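Quick look at entry22.cif (mmCIF, C-alpha atoms):
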```cif
data_start
loop_
_atom_site.label_atom_id
_atom_site.label_comp_id
_atom_site.auth_asym_id
_atom_site.auth_seq_id
_atom_site.Cartn_x
_atom_site.Cartn_y
_atom_site.Cartn_z
CA MET W 1 3.89 -12.76 -5.36
CA SER W 2 2.52 -12.76 -1.83
CA VAL W 3 1.07 -9.77 -0.06
CA SER W 4 2.90 -8.19 2.83
CA ASN W 5 1.95 -7.26 6.35
CA ASN W 6 5.40 -7.26 7.96
CA ILE W 7 7.19 -4.05 8.91
CA VAL W 8 10.95 -3.64 9.27
CA ALA W 9 12.32 -0.48 10.86
CA ILE W 10 15.84 0.95 10.66
CA ILE W 11 16.68 2.64 13.95
CA GLY W 12 19.83 4.15 15.38
CA ARG W 13 21.33 7.35 16.64
CA PRO W 14 21.61 10.38 14.35
CA ASN W 15 23.90 10.39 11.33
CA VAL W 16 24.72 6.68 11.20
CA GLY W 17 23.31 6.43 7.66
CA LYS W 18 19.72 5.26 8.19
CA SER W 19 18.34 7.12 5.19
CA SER W 20 21.28 6.08 3.00
CA LEU W 21 20.74 2.41 3.83
CA PHE W 22 16.99 2.81 3.33
CA ASN W 23 17.49 4.29 -0.13
CA ARG W 24 19.98 1.59 -1.13
CA LEU W 25 17.65 -1.22 -0.07
CA LEU W 26 14.65 0.37 -1.77
CA GLY W 27 16.72 0.78 -4.92
CA ARG W 28 16.87 -3.03 -5.14
CA ARG W 29 13.14 -3.41 -5.76
CA GLU W 30 12.31 -5.50 -8.77
CA ALA W 31 9.27 -3.44 -9.73
CA ILE W 32 8.81 0.30 -9.39
CA VAL W 33 5.36 1.73 -10.07
CA ASP W 34 5.07 5.32 -11.29
CA ASP W 35 3.54 7.80 -8.88
CA VAL W 36 -0.06 8.76 -9.57
CA PRO W 37 -0.19 12.37 -10.83
CA GLY W 38 -1.28 14.82 -8.16
CA VAL W 39 -0.10 12.65 -5.25
CA THR W 40 3.03 13.44 -3.29
CA ARG W 41 4.56 10.07 -2.46
CA ASP W 42 5.93 9.73 1.03
CA ARG W 43 9.59 8.76 0.77
CA ILE W 44 10.12 7.36 4.26
CA TYR W 45 8.53 3.99 3.63
CA GLY W 46 8.63 1.51 0.78
CA GLU W 47 7.88 -2.09 -0.07
CA ILE W 48 10.73 -4.50 -0.76
CA PHE W 49 10.54 -7.86 -2.55
CA TYR W 50 13.36 -10.28 -1.86
CA ASN W 51 13.67 -14.09 -1.85
CA ASP W 52 9.93 -14.58 -2.39
CA LYS W 53 9.20 -12.43 0.66
CA ASN W 54 8.06 -8.86 0.84
CA PHE W 55 7.87 -6.36 3.64
CA TYR W 56 7.49 -2.66 4.32
CA LEU W 57 10.72 -0.89 5.24
CA ILE W 58 10.59 2.25 7.36
CA ASP W 59 13.27 4.92 7.60
CA THR W 60 12.87 6.12 11.16
CA GLY W 61 15.31 8.93 10.47
CA GLY W 62 12.67 10.32 8.15
CA ILE W 63 10.01 9.96 10.82
CA PHE W 64 11.91 10.92 13.91
CA GLY W 65 14.29 13.53 12.57
CA GLU W 66 17.94 13.63 13.53
CA ASP W 67 18.20 15.01 17.06
CA ASP W 68 21.66 15.63 18.46
CA GLU W 69 21.25 13.48 21.55
CA PHE W 70 19.57 10.25 22.60
CA SER W 71 16.79 12.33 24.12
CA ALA W 72 13.56 11.28 25.78
CA GLY W 73 11.87 11.94 22.44
CA ILE W 74 14.18 9.56 20.61
CA LYS W 75 13.60 6.97 23.34
CA ASN W 76 9.86 7.23 22.74
CA HIS W 77 10.42 6.78 19.01
CA VAL W 78 12.47 3.64 19.63
CA ALA W 79 9.72 2.34 21.93
CA GLU W 80 7.15 2.76 19.18
CA ALA W 81 9.44 1.03 16.65
CA VAL W 82 9.94 -1.94 18.97
CA ASN W 83 6.20 -2.16 19.64
CA GLU W 84 4.97 -1.69 16.09
CA CYS W 85 7.54 -3.47 13.91
CA ASP W 86 8.17 -7.12 13.22
CA LEU W 87 11.93 -6.76 12.91
CA ILE W 88 14.46 -4.09 13.95
CA ILE W 89 17.66 -3.14 12.14
CA LEU W 90 19.89 -1.40 14.68
CA LEU W 91 22.33 0.63 12.59
CA LEU W 92 25.76 1.63 13.90
CA ASP W 93 28.49 3.87 12.50
CA GLY W 94 31.62 1.81 11.77
CA HIS W 95 33.79 4.92 11.95
CA ASP W 96 32.78 5.56 15.55
CA GLY W 97 32.40 2.01 16.81
CA VAL W 98 29.88 1.32 19.58
CA THR W 99 29.02 4.52 21.47
CA ASN W 100 27.22 5.10 24.72
CA SER W 101 24.12 6.11 22.75
CA ASP W 102 24.24 2.83 20.80
CA GLU W 103 24.40 0.91 24.08
CA GLU W 104 21.44 2.87 25.47
CA ILE W 105 19.36 2.10 22.39
CA ALA W 106 20.36 -1.58 22.48
CA ASN W 107 19.49 -1.87 26.19
CA PHE W 108 16.16 -0.21 25.56
CA ILE W 109 15.36 -2.62 22.72
CA ARG W 110 16.26 -5.58 24.90
CA LYS W 111 14.03 -4.43 27.77
CA SER W 112 11.12 -3.32 25.62
CA GLY W 113 10.30 -6.34 23.50
CA ASN W 114 11.15 -9.70 22.05
CA LYS W 115 11.42 -8.75 18.37
CA PRO W 116 14.17 -10.07 16.06
CA VAL W 117 17.09 -7.64 15.87
CA ILE W 118 19.84 -7.32 13.27
CA VAL W 119 22.83 -5.16 14.21
CA ALA W 120 24.23 -3.63 11.03
CA MET W 121 27.48 -1.68 11.28
CA ASN W 122 27.52 0.82 8.43
CA LYS W 123 30.40 2.58 6.66
CA LEU W 124 32.61 -0.53 6.63
CA ASP W 125 33.59 -0.18 2.99
CA ASP W 126 36.18 -2.96 2.91
CA VAL W 127 36.85 -6.24 4.72
CA LYS W 128 40.03 -4.74 6.19
CA HIS W 129 37.85 -2.50 8.34
CA ASP W 130 35.81 -5.39 9.76
CA GLU W 131 37.87 -5.74 12.94
CA ILE W 132 35.70 -3.09 14.55
CA LEU W 133 32.69 -5.33 13.89
CA ASN W 134 33.63 -7.29 17.01
CA GLU W 135 32.46 -4.32 19.06
CA ALA W 136 28.95 -4.79 17.67
CA TYR W 137 28.71 -8.24 19.25
CA SER W 138 29.17 -6.58 22.64
CA LEU W 139 25.60 -5.29 22.36
CA GLY W 140 24.38 -8.83 22.95
CA PHE W 141 22.49 -9.56 19.74
CA GLU W 142 23.17 -12.70 17.73
CA ASN W 143 22.78 -11.36 14.18
CA VAL W 144 25.50 -8.88 13.22
CA VAL W 145 26.54 -7.82 9.73
CA ALA W 146 29.02 -5.33 8.27
CA VAL W 147 27.53 -3.13 5.54
CA SER W 148 28.29 -0.08 3.47
CA ALA W 149 25.28 1.80 2.16
CA LEU W 150 27.61 3.99 0.10
CA HIS W 151 29.35 1.09 -1.66
CA LYS W 152 26.42 -1.39 -1.53
CA ARG W 153 28.52 -3.83 0.47
CA ASN W 154 26.82 -6.92 2.00
CA LEU W 155 23.28 -5.70 1.24
CA ASP W 156 22.37 -9.20 0.03
CA GLU W 157 23.60 -10.65 3.31
CA LEU W 158 21.46 -8.15 5.21
CA LEU W 159 18.38 -8.91 3.09
CA ASN W 160 18.91 -12.65 3.51
CA LEU W 161 18.97 -12.19 7.29
CA ILE W 162 15.77 -10.16 7.14
CA SER W 163 14.08 -12.88 5.07
CA GLU W 164 15.14 -15.59 7.50
CA LEU W 165 14.07 -13.71 10.64
CA LEU W 166 10.75 -12.25 9.54
CA PRO W 167 7.77 -14.01 11.13
CA GLN W 168 5.21 -15.76 8.98
CA ASN W 169 2.68 -13.33 7.54
CA ASN W 170 -0.68 -13.41 9.31
CA PHE W 171 -2.60 -13.87 6.09
CA TYR W 172 -1.49 -17.51 6.08
CA ALA W 173 -4.08 -17.93 8.85
CA ASP W 174 -6.63 -18.02 6.01
CA GLU W 175 -5.31 -21.42 4.91
CA GLU W 176 -5.11 -22.70 8.47
CA ASN W 177 -8.74 -21.76 9.04
CA ASN W 178 -9.86 -23.30 5.71
CA ILE W 179 -11.18 -20.02 4.40
CA ASN W 180 -12.38 -20.50 0.83
CA ASP W 181 -10.94 -18.30 -1.90
CA SER W 182 -14.50 -17.26 -2.79
CA VAL W 183 -14.72 -15.13 0.35
CA ILE W 184 -14.95 -11.47 -0.64
CA LYS W 185 -12.35 -9.53 1.34
CA PHE W 186 -12.71 -5.81 1.90
CA VAL W 187 -10.79 -3.37 4.05
CA LEU W 188 -11.95 -0.29 5.94
CA ALA W 189 -9.22 2.27 5.30
CA GLY W 190 -8.79 5.91 6.15
CA LYS W 191 -6.90 8.38 8.28
CA PRO W 192 -7.14 8.26 12.10
CA ASN W 193 -10.44 9.24 13.75
CA VAL W 194 -12.43 9.06 10.53
CA GLY W 195 -14.82 6.48 11.98
CA LYS W 196 -13.44 3.10 10.89
CA SER W 197 -14.09 1.36 14.21
CA SER W 198 -17.56 2.85 14.53
CA LEU W 199 -18.40 1.68 11.02
CA LEU W 200 -17.07 -1.80 11.75
CA ASN W 201 -19.22 -2.04 14.88
CA LYS W 202 -22.32 -0.90 13.00
CA ILE W 203 -21.79 -3.38 10.17
CA THR W 204 -21.11 -6.38 12.40
CA ASN W 205 -23.84 -5.60 14.95
CA SER W 206 -26.62 -5.41 12.39
CA ASN W 207 -28.94 -8.30 11.52
CA ARG W 208 -26.33 -10.49 9.92
CA SER W 209 -24.66 -13.75 10.86
CA LEU W 210 -21.25 -13.15 12.42
CA VAL W 211 -19.26 -16.27 11.58
CA SER W 212 -16.05 -15.89 13.56
CA PRO W 213 -13.36 -13.36 14.50
CA ILE W 214 -9.78 -14.06 13.50
CA ALA W 215 -7.70 -11.86 15.77
CA GLY W 216 -4.01 -11.20 15.53
CA THR W 217 -2.00 -9.23 18.06
CA THR W 218 -3.08 -5.86 19.40
CA ARG W 219 -1.20 -4.06 16.65
CA ASP W 220 -2.46 -6.24 13.79
CA PRO W 221 -5.66 -5.79 11.81
CA ILE W 222 -8.64 -7.84 12.99
CA ASP W 223 -10.31 -10.03 10.37
CA ILE W 224 -14.02 -10.69 10.82
CA LEU W 225 -15.91 -13.27 8.78
CA MET W 226 -19.58 -12.61 8.20
CA ASN W 227 -22.35 -13.95 5.99
CA VAL W 228 -24.75 -11.64 4.19
CA ASP W 229 -27.60 -13.22 2.23
CA GLY W 230 -25.62 -16.43 1.77
CA GLU W 231 -22.43 -14.65 0.64
CA ASN W 232 -19.28 -14.82 2.78
CA PHE W 233 -17.35 -11.63 3.43
CA LYS W 234 -14.21 -10.91 5.38
CA ILE W 235 -13.77 -7.43 6.83
CA ILE W 236 -10.19 -6.38 7.44
CA ASP W 237 -10.24 -3.63 10.07
CA THR W 238 -7.11 -1.51 9.88
CA ALA W 239 -7.88 0.13 13.22
CA GLY W 240 -7.18 -3.11 15.11
CA LEU W 241 -7.00 -2.71 18.88
CA ARG W 242 -4.63 0.21 18.88
CA LYS W 243 -5.01 2.91 21.44
CA LYS W 244 -4.58 6.53 20.53
CA SER W 245 -1.02 7.62 21.18
CA LYS W 246 0.19 11.03 22.22
CA PHE W 247 3.01 10.56 19.71
CA ASN W 248 2.65 10.81 15.95
CA ASP W 249 4.78 7.67 15.47
CA LEU W 250 1.90 5.30 16.16
CA GLU W 251 -0.37 6.99 13.62
CA TYR W 252 2.41 6.63 11.07
CA TYR W 253 2.82 2.91 11.71
CA SER W 254 -0.96 2.56 11.53
CA PHE W 255 -0.84 4.17 8.10
CA VAL W 256 1.78 1.70 6.87
CA ARG W 257 -0.24 -1.20 8.28
CA THR W 258 -3.26 0.19 6.43
CA LEU W 259 -1.26 -0.18 3.21
CA ALA W 260 -0.39 -3.77 4.17
CA ALA W 261 -4.06 -4.53 4.89
CA ILE W 262 -5.07 -3.14 1.49
CA ASP W 263 -2.64 -5.61 -0.11
CA ARG W 264 -4.71 -8.47 1.34
CA ALA W 265 -8.13 -7.19 0.26
CA ASP W 266 -10.18 -7.39 -2.93
CA VAL W 267 -11.92 -4.05 -2.34
CA ALA W 268 -10.99 -1.03 -0.22
CA VAL W 269 -13.62 1.20 1.38
CA LEU W 270 -11.82 4.52 1.79
CA LEU W 271 -13.49 6.52 4.54
CA MET W 272 -13.18 10.29 4.39
CA ASP W 273 -14.45 12.75 6.96
CA ALA W 274 -17.15 14.66 5.08
CA ARG W 275 -16.02 17.81 6.90
CA GLU W 276 -12.45 17.48 5.56
CA ILE W 277 -12.18 15.60 2.29
CA CYS W 278 -9.30 14.96 -0.12
CA THR W 279 -6.52 15.24 2.46
CA ASP W 280 -2.98 14.25 1.59
CA GLN W 281 -3.40 10.97 3.45
CA ASP W 282 -6.66 10.24 1.59
CA LYS W 283 -4.78 10.68 -1.67
CA LYS W 284 -1.90 8.45 -0.58
CA ILE W 285 -4.21 5.64 0.45
CA ALA W 286 -6.21 5.91 -2.79
CA SER W 287 -2.96 5.91 -4.77
CA HIS W 288 -1.88 2.70 -3.04
CA VAL W 289 -5.23 1.06 -3.82
CA ILE W 290 -4.73 1.81 -7.52
CA GLU W 291 -1.10 0.71 -7.47
CA LYS W 292 -2.16 -2.65 -6.03
CA GLY W 293 -5.06 -3.01 -8.48
CA LYS W 294 -7.79 -3.21 -5.84
CA GLY W 295 -11.44 -2.22 -6.08
CA LEU W 296 -12.32 1.11 -4.48
CA ILE W 297 -15.33 2.73 -2.80
CA ILE W 298 -15.23 6.28 -1.44
CA ALA W 299 -17.39 6.62 1.67
CA LEU W 300 -17.92 10.10 3.11
CA ASN W 301 -18.58 9.53 6.79
CA LYS W 302 -20.05 11.96 9.36
CA TRP W 303 -22.40 13.23 6.66
CA ASP W 304 -24.93 13.96 9.42
CA LEU W 305 -22.63 16.59 10.97
CA LEU W 306 -22.68 18.86 7.92
CA ASP W 307 -25.02 21.80 7.54
CA PRO W 308 -27.36 20.75 4.70
CA GLN W 309 -27.87 24.40 3.76
CA LYS W 310 -24.18 24.86 3.03
CA ASN W 311 -23.18 21.39 1.79
CA ASN W 312 -24.73 19.04 -0.72
CA ALA W 313 -23.75 15.72 -2.21
CA HIS W 314 -23.29 17.11 -5.71
CA ASP W 315 -20.77 19.77 -4.64
CA LEU W 316 -18.75 17.33 -2.53
CA THR W 317 -18.73 14.79 -5.35
CA GLU W 318 -17.47 17.42 -7.78
CA LYS W 319 -14.73 18.44 -5.32
CA ILE W 320 -13.51 14.85 -5.08
CA ARG W 321 -13.61 14.39 -8.86
CA ASP W 322 -11.67 17.65 -9.33
CA GLU W 323 -9.02 17.07 -6.66
CA MET W 324 -8.64 13.31 -7.14
CA PRO W 325 -9.33 12.69 -10.84
CA PHE W 326 -7.30 9.45 -10.76
CA ILE W 327 -10.15 7.75 -8.83
CA ASN W 328 -13.01 8.84 -11.11
CA PHE W 329 -13.93 5.16 -11.55
CA ALA W 330 -14.81 4.78 -7.86
CA PRO W 331 -18.41 5.17 -6.62
CA ILE W 332 -18.99 7.76 -3.89
CA ILE W 333 -21.46 7.15 -1.09
CA PHE W 334 -22.54 9.31 1.85
CA ILE W 335 -22.84 7.60 5.20
CA SER W 336 -23.08 8.11 8.94
CA ALA W 337 -21.54 5.40 11.11
CA LEU W 338 -23.23 7.11 14.07
CA ASN W 339 -26.86 6.88 12.96
CA GLY W 340 -26.51 4.16 10.30
CA ARG W 341 -27.43 6.30 7.32
CA GLY W 342 -26.31 4.81 4.01
CA LEU W 343 -24.61 1.78 5.54
CA ASN W 344 -26.94 -0.59 3.69
CA LYS W 345 -25.17 0.44 0.46
CA ILE W 346 -21.70 -0.79 1.46
CA ILE W 347 -22.01 -4.58 1.26
CA PRO W 348 -23.93 -4.60 -2.07
CA LEU W 349 -21.35 -2.21 -3.56
CA VAL W 350 -18.45 -4.34 -2.35
CA LYS W 351 -20.04 -7.40 -3.96
CA GLU W 352 -20.76 -5.55 -7.22
CA ILE W 353 -17.20 -4.27 -7.49
CA TYR W 354 -15.82 -7.72 -6.70
CA ILE W 355 -17.92 -9.17 -9.53
CA ASN W 356 -16.83 -6.37 -11.87
CA ARG W 357 -13.15 -6.99 -11.25
CA ASN W 358 -13.55 -10.59 -12.40
CA LYS W 359 -15.21 -9.75 -15.73
CA ARG W 360 -13.60 -10.48 -19.08
CA ILE W 361 -14.23 -9.20 -22.58
CA ALA W 362 -13.86 -11.80 -25.32
CA THR W 363 -10.96 -10.96 -27.65
CA ASN W 364 -13.12 -10.96 -30.78
CA ILE W 365 -15.66 -8.59 -29.20
CA LEU W 366 -12.92 -6.39 -27.79
CA ASN W 367 -11.17 -6.07 -31.13
CA ARG W 368 -14.34 -5.54 -33.15
CA LEU W 369 -15.73 -2.88 -30.87
CA MET W 370 -12.38 -1.16 -30.37
CA ARG W 371 -11.80 -1.16 -34.10
CA ASP W 372 -15.18 0.46 -34.70
CA VAL W 373 -14.51 3.08 -32.01
CA LEU W 374 -10.97 3.90 -33.08
CA ALA W 375 -11.96 4.16 -36.72
CA PHE W 376 -13.65 7.45 -35.92
CA ASP W 377 -10.91 8.81 -33.65
CA ARG W 378 -7.89 10.86 -34.57
CA LEU W 379 -5.00 8.72 -33.47
CA PRO W 380 -1.87 10.34 -31.98
CA SER W 381 1.12 10.97 -34.23
CA ASP W 382 4.68 12.25 -33.97
CA LYS W 383 6.23 15.42 -35.40
CA ARG W 384 6.94 13.64 -38.66
CA GLY W 385 3.27 12.86 -39.11
CA ARG W 386 3.64 9.14 -38.37
CA ALA W 387 0.34 8.03 -36.83
CA LEU W 388 -0.31 5.31 -34.29
CA LYS W 389 -1.68 2.06 -35.69
CA VAL W 390 -3.55 -0.34 -33.42
CA TYR W 391 -3.32 -3.93 -34.71
CA TYR W 392 -5.24 -5.81 -32.03
CA CYS W 393 -5.76 -6.04 -28.29
CA VAL W 394 -6.36 -8.71 -25.64
CA GLN W 395 -7.48 -8.74 -22.05
CA ALA W 396 -4.46 -10.28 -20.36
CA GLU W 397 -5.75 -10.31 -16.78
CA ASN W 398 -9.02 -9.71 -15.01
CA VAL W 399 -7.81 -8.92 -11.46
CA PRO W 400 -7.49 -6.05 -12.07
CA PRO W 401 -8.80 -5.71 -15.64
CA THR W 402 -5.62 -5.52 -17.73
CA PHE W 403 -5.44 -4.97 -21.50
CA ILE W 404 -2.55 -5.19 -23.92
CA PHE W 405 -2.66 -3.27 -27.21
CA PHE W 406 -0.30 -4.25 -29.99
CA VAL W 407 0.67 -1.19 -32.02
CA ASN W 408 3.26 -0.02 -34.53
CA ASP W 409 5.13 2.14 -31.97
CA PRO W 410 4.25 2.42 -28.24
CA ALA W 411 6.14 5.74 -28.06
CA LEU W 412 3.34 7.38 -30.06
CA VAL W 413 0.81 6.81 -27.27
CA ASN W 414 0.20 9.82 -25.02
CA ASN W 415 -1.61 10.06 -21.69
CA SER W 416 -4.72 11.66 -23.09
CA PHE W 417 -5.17 8.92 -25.69
CA GLU W 418 -4.59 6.21 -23.11
CA ASN W 419 -7.25 7.75 -20.85
CA HIS W 420 -9.57 7.93 -23.85
CA VAL W 421 -9.03 4.22 -24.54
CA LYS W 422 -9.70 3.35 -20.90
CA ASN W 423 -12.99 5.24 -21.07
CA LYS W 424 -13.97 3.36 -24.21
CA ILE W 425 -13.13 0.04 -22.56
CA ARG W 426 -15.44 0.98 -19.69
CA GLU W 427 -18.21 1.51 -22.26
CA LEU W 428 -17.72 -2.07 -23.42
CA GLU W 429 -18.06 -3.63 -19.97
CA ASN W 430 -18.98 -2.56 -16.45
CA PHE W 431 -15.69 -2.37 -14.57
CA SER W 432 -17.07 0.22 -12.16
CA GLY W 433 -15.10 0.54 -8.94
CA ASN W 434 -11.94 -0.98 -10.41
CA PRO W 435 -8.81 0.55 -11.93
CA ILE W 436 -8.02 -0.50 -15.48
CA ARG W 437 -4.48 -1.18 -16.62
CA VAL W 438 -3.48 -0.71 -20.24
CA PHE W 439 -0.12 -1.71 -21.75
CA TRP W 440 1.18 -0.98 -25.23
CA ARG W 441 3.40 -3.41 -27.09
CA GLY W 442 5.28 -2.95 -30.34
CA LYS W 443 4.75 -5.28 -33.25
CA GLY W 444 6.50 -8.57 -32.54
CA GLU W 445 6.74 -7.96 -28.76
CA GLU W 446 5.22 -10.42 -26.32
#
```

Please express the file's structure as structure tokens.
Amino acid sequence: MSVSNNIVAIIGRPNVGKSSLFNRLLGRREAIVDDVPGVTRDRIYGEIFYNDKNFYLIDTGGIFGEDDEFSAGIKNHVAEAVNECDLIILLLDGHDGVTNSDEEIANFIRKSGNKPVIVAMNKLDDVKHDEILNEAYSLGFENVVAVSALHKRNLDELLNLISELLPQNNFYADEENNINDSVIKFVLAGKPNVGKSSLLNKITNSNRSLVSPIAGTTRDPIDILMNVDGENFKIIDTAGLRKKSKFNDLEYYSFVRTLAAIDRADVAVLLMDAREICTDQDKKIASHVIEKGKGLIIALNKWDLLDPQKNNAHDLTEKIRDEMPFINFAPIIFISALNGRGLNKIIPLVKEIYINRNKRIATNILNRLMRDVLAFDRLPSDKRGRALKVYYCVQAENVPPTFIFFVNDPALVNNSFENHVKNKIRELENFSGNPIRVFWRGKGEE
């Protein structure tokens, strides 16, 4: 399945059903990944897979709130949506028809950009109500569809339209520019003002051969090819050319585009401000890295601004391990993009983690060593005293390292035992910097 860097936003006046439609469309996802413990998942964005395309869907009602009027604030929100998204769904209320506020929003969209627009009239539960749909065409947009978020009506038609109208993802530029698959791709990720652009400038201005920039639009990430000691790397800068906005909307879209950039990378370098670590956004980005099976490096930037008498590397490392235990496999480095301290560690670590994520353990070695280890462990059991039996295991994938254990009953496996097994696997091979996935299959299951 391809990676995504397209964003679709649902906009409209208050109470037309933006969040209801958002939830219905997200409910159609083919794969839902469990939330990482300790991370509060933001519910106003989600990734949708449909017709071999995928995109991030944004519920602007969740971002903007539901003001009573089409105020100047709402107008600013619409402006950001038009500027930042690849496709707009303008949602109307079929009970009310086209209102003055709808016309204002439509006019603003028309004047503000040249993005594809789908007009969806919600709350049309039955075809007998579709006469009012003619009003939607008066807004001047070609693509109009009647939907009902409540009754799931015409959601396939809406998704088909989205698939047809979405522009080609920018990552296809890799093929057009004959970029070899052996290029190691890493992304600089982190919350706003953490130093991503400064770090990018330091890395690319050092004594290395800058091959070529591959620039998208001003709101897209900038890909930079570089060669280090004969090895080709591509840096995906999530900061792009965005200017700081006085509205929070732009930072939110930047966050979603950071997630899309992570999807394209092999390794993510998560920058944290050493003065304020383990923020909610840090945790969300790290959670997404794990969900997508990417390599991970934690880089504490602005290390030079801390008082060395009050802060030390050991204490900060322990704080990260305590507050974000789900990334205990990731190396932690201390850097300063301002004075260059520690930057020489980044490229070698990216390469090492890339190599680690491509390692495999032979099945015979895996089974022999795991059998020897598990022979001395107390295996989990149920209340009736029935113990888990591990028959054999295989490494099914290596990007990321994925293992399947065939057992008598997968229901007997608990979280603590699974974590124990993951730790033992890491003793068998150096998968440092990469999440490990473990699946349990019953006897006879494939």

Selection under test: the PyMOL selection byres ((chain W and resi 426-441) around 7); residues as a PyMOL selection string: chain W and resi 290+293-297+329-331+353+356-357+400-407+410+422-425+442-443+445

Distance criterion (all atoms listed in the file): nearest to Ser287 (chain W) out of W:Val183, W:Leu57, W:Met324, W:Ile11: W:Met324

Ref. answer, residues at most 8 Å from (-3.3, -0.3, 3.4) with all atoms listed in the file, as an NGL selection string: :W and (189 or 238 or 255-263 or 285 or 288-289)

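When all atoms listed in the file are used to measure the gap to Ile235 (chain W), the shortest distance among W:Leu90, W:Val390, W:Ala286, W:Ala268 belongs to W:Ala268.
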
Convert the output of the PyMOL selection byres ((chain W and resi 360) around 8) on the shown file into explicit residues, formatted as a PyMOL selection string. chain W and resi 358-359+361-362+395+398+401

From the list W:Pro325, W:Pro348, W:Gly140, W:Gly190, the nearest residue to Asn301 (chain W) using only C-alpha atoms is W:Gly190

Pick from W:Val194, W:Ala313, W:Ala120, W:Leu155, whichever lies nearest to Gln281 (chain W) using all atoms listed in the file: W:Val194

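Distance-wise, CA of Ile236 (chain W) and CA of Asn6 (chain W) end up 15.6 Å apart.
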
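With all atoms listed in the file as the basis for measurement, W:Ser416 is the residue among W:Asn367, W:Asn160, W:Asn232, W:Ser416 that approaches Leu379 (chain W) most closely.
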